[in-house]
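Here's the structure we're looking at; comments come further down.
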Amino acid sequence: MSTSTTASVSTHILDTSAGRPAEGVAVRLAARGGAAADWQTLGGSATDADGRCKDLPALPEGTTHVRLDFAVEPYFEEQSAKKQADAQQDAPANRDSGPGVFFPEVAITFAVVPGEHYHVPLLLNPFGYSVYRGS
C-alpha cells in the first residue's frame, strides 16, 4: 500500500491469445532512487489463477523508478505443450517456424511519485504485448 512517502505497485497479466488470465508467470520487482542509481531487486512473485500478483514487496522510501520483469517464456512453453496435447490445428505456436514465443521476457520500467498507486496490466500473446497504467 502506498503512503505519503512511498508509492505502491500491482500488476496482472491477460493472455490475449487465450482470452484468459496468465497463471504462473514469474514476476520480479526492482526499484531505484534516481535515474543514475543502481537497480535494487526487491523480490518477486508469480501470477495466481486470476493473473494477479498480490504479494509484491513494498517500495522503499525514495523510489523514483520501478521495473517489473515478467518471465513469459516458461508460461508459453507450457501453453504450447497443452495445445499440442489437445492437437489444436493452426495454433500460433504451430503455424510459424521457429520458437513458440518471440519475447521470452518482458521488462517494463516506469517512473513513480510518492503517495501514488501504480497498477500495471500486461496484455500478452506469443508474438507481442502491450502495457498501460491501470487503475
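Scheme for the C-alpha cells: letters A, B, ... for chains in order shown; per-chain residue numbers from 1; ligand numbers from 1 in order shown.
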Contacts of His65 in chain A at 8 Å or less, counting only C-alpha atoms, minus same-chain residues fewer than 6 places along, as a count of residues only? 9
Run DSSP on the backbone and tell me which residues of range 3-113 of chain A come out as helix (DSSP H, G or I); list them as a ChimeraX atom specification. /A:73-86,92-95
To one decimal in Å, tell me the separation between CA of Arg52 in chain A and CA of Gln79 in chain A. 17.8 Å
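For the set A:Pro114, A:Pro121, A:Pro126, A:Gly24, the residue with the smallest atom-to-atom gap to Asp48 in chain A is A:Gly24, counting only C-alpha atoms.
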Enumerate the residues of range 5-129 of chain A with a DSSP assignment of strand (DSSP E), computed from the backbone, and present them as a ChimeraX atom specification. /A:8-15,20-21,26-32,40-46,52-53,65-71,105-111,117-125,128-129
Next, write the just-selected residues to a file, as a PDB file, in the first residue's frame, keeping C-alpha atoms as the atom set.
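Here's the written file again.pdb:
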```
ATOM      1  CA  SER A   8       2.963   1.040  -4.428  1.00  0.00           C
ATOM      2  CA  VAL A   9       2.767  -1.327  -7.407  1.00  0.00           C
ATOM      3  CA  SER A  10       0.451  -4.106  -8.522  1.00  0.00           C
ATOM      4  CA  THR A  11       0.117  -5.991 -11.799  1.00  0.00           C
ATOM      5  CA  HIS A  12      -1.851  -8.608 -13.633  1.00  0.00           C
ATOM      6  CA  ILE A  13      -1.445 -10.430 -16.947  1.00  0.00           C
ATOM      7  CA  LEU A  14      -4.082 -11.298 -19.522  1.00  0.00           C
ATOM      8  CA  ASP A  15      -3.136 -13.831 -22.199  1.00  0.00           C
ATOM      9  CA  ARG A  20      -7.904 -15.611 -20.024  1.00  0.00           C
ATOM     10  CA  PRO A  21      -5.523 -14.671 -17.209  1.00  0.00           C
ATOM     11  CA  ALA A  26       7.184 -15.247 -12.504  1.00  0.00           C
ATOM     12  CA  VAL A  27       7.410 -11.501 -11.849  1.00  0.00           C
ATOM     13  CA  ARG A  28      10.418  -9.722 -10.354  1.00  0.00           C
ATOM     14  CA  LEU A  29      10.236  -6.202  -8.893  1.00  0.00           C
ATOM     15  CA  ALA A  30      13.196  -3.804  -8.815  1.00  0.00           C
ATOM     16  CA  ALA A  31      13.455  -0.141  -7.831  1.00  0.00           C
ATOM     17  CA  ARG A  32      15.911   2.734  -7.840  1.00  0.00           C
ATOM     18  CA  GLN A  40      17.800  -2.872  -6.313  1.00  0.00           C
ATOM     19  CA  THR A  41      15.889  -6.134  -6.677  1.00  0.00           C
ATOM     20  CA  LEU A  42      13.151  -6.114  -4.055  1.00  0.00           C
ATOM     21  CA  GLY A  43      11.715  -9.574  -4.632  1.00  0.00           C
ATOM     22  CA  GLY A  44       9.190 -11.328  -6.746  1.00  0.00           C
ATOM     23  CA  SER A  45       6.037 -13.296  -7.043  1.00  0.00           C
ATOM     24  CA  ALA A  46       4.077 -15.340  -9.564  1.00  0.00           C
ATOM     25  CA  ARG A  52      -2.581 -11.194 -10.492  1.00  0.00           C
ATOM     26  CA  CYS A  53       0.467 -10.742  -8.271  1.00  0.00           C
ATOM     27  CA  HIS A  65      11.743   4.319 -10.916  1.00  0.00           C
ATOM     28  CA  VAL A  66      10.342   0.804 -10.875  1.00  0.00           C
ATOM     29  CA  ARG A  67      10.989  -2.178 -13.132  1.00  0.00           C
ATOM     30  CA  LEU A  68       8.763  -5.224 -13.483  1.00  0.00           C
ATOM     31  CA  ASP A  69      10.388  -8.234 -15.168  1.00  0.00           C
ATOM     32  CA  PHE A  70       7.971 -10.882 -16.453  1.00  0.00           C
ATOM     33  CA  ALA A  71       9.404 -14.335 -17.321  1.00  0.00           C
ATOM     34  CA  GLU A 105      10.768 -11.917 -21.188  1.00  0.00           C
ATOM     35  CA  VAL A 106       9.121  -8.534 -20.814  1.00  0.00           C
ATOM     36  CA  ALA A 107      10.725  -5.720 -18.807  1.00  0.00           C
ATOM     37  CA  ILE A 108       8.602  -2.684 -18.022  1.00  0.00           C
ATOM     38  CA  THR A 109      10.244   0.385 -16.468  1.00  0.00           C
ATOM     39  CA  PHE A 110       8.236   3.370 -15.241  1.00  0.00           C
ATOM     40  CA  ALA A 111       8.548   6.453 -13.050  1.00  0.00           C
ATOM     41  CA  HIS A 117      -0.517   3.519  -6.538  1.00  0.00           C
ATOM     42  CA  TYR A 118       0.562   2.102  -9.896  1.00  0.00           C
ATOM     43  CA  HIS A 119      -1.366  -0.816 -11.377  1.00  0.00           C
ATOM     44  CA  VAL A 120       0.440  -2.078 -14.485  1.00  0.00           C
ATOM     45  CA  PRO A 121      -1.549  -4.618 -16.542  1.00  0.00           C
ATOM     46  CA  LEU A 122       0.285  -6.648 -19.189  1.00  0.00           C
ATOM     47  CA  LEU A 123      -1.696  -7.817 -22.224  1.00  0.00           C
ATOM     48  CA  LEU A 124       0.282 -10.690 -23.657  1.00  0.00           C
ATOM     49  CA  ASN A 125       0.400 -13.092 -26.601  1.00  0.00           C
ATOM     50  CA  GLY A 128       3.561  -9.247 -28.834  1.00  0.00           C
ATOM     51  CA  TYR A 129       2.454  -7.390 -25.736  1.00  0.00           C
TER      52      TYR A 129
END
```
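The protein and nucleic acid residues lying at most 8 Å from Phe127 in chain A are A:Val101, A:Phe102, A:Phe103, with only C-alpha atoms considered and sequence neighbours fewer than 5 positions away removed.
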For the selection you just gave me, I'd like the residues written to a file as a short mmCIF file (atom, residue, chain, number, x, y, z; two decimals), in the first residue's frame, keeping N, CA, C and O atoms.
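Written output follows (part_22.cif):
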```cif
data_model
loop_
_atom_site.label_atom_id
_atom_site.label_comp_id
_atom_site.auth_asym_id
_atom_site.auth_seq_id
_atom_site.Cartn_x
_atom_site.Cartn_y
_atom_site.Cartn_z
N VAL A 101 7.57 -18.51 -28.86
CA VAL A 101 7.37 -17.19 -28.24
C VAL A 101 8.48 -16.27 -28.74
O VAL A 101 9.66 -16.62 -28.75
N PHE A 102 8.08 -15.11 -29.21
CA PHE A 102 9.04 -14.16 -29.76
C PHE A 102 9.75 -13.38 -28.66
O PHE A 102 10.95 -13.12 -28.75
N PHE A 103 9.02 -12.97 -27.62
CA PHE A 103 9.60 -12.25 -26.50
C PHE A 103 9.68 -13.19 -25.30
O PHE A 103 8.67 -13.45 -24.65
#
```
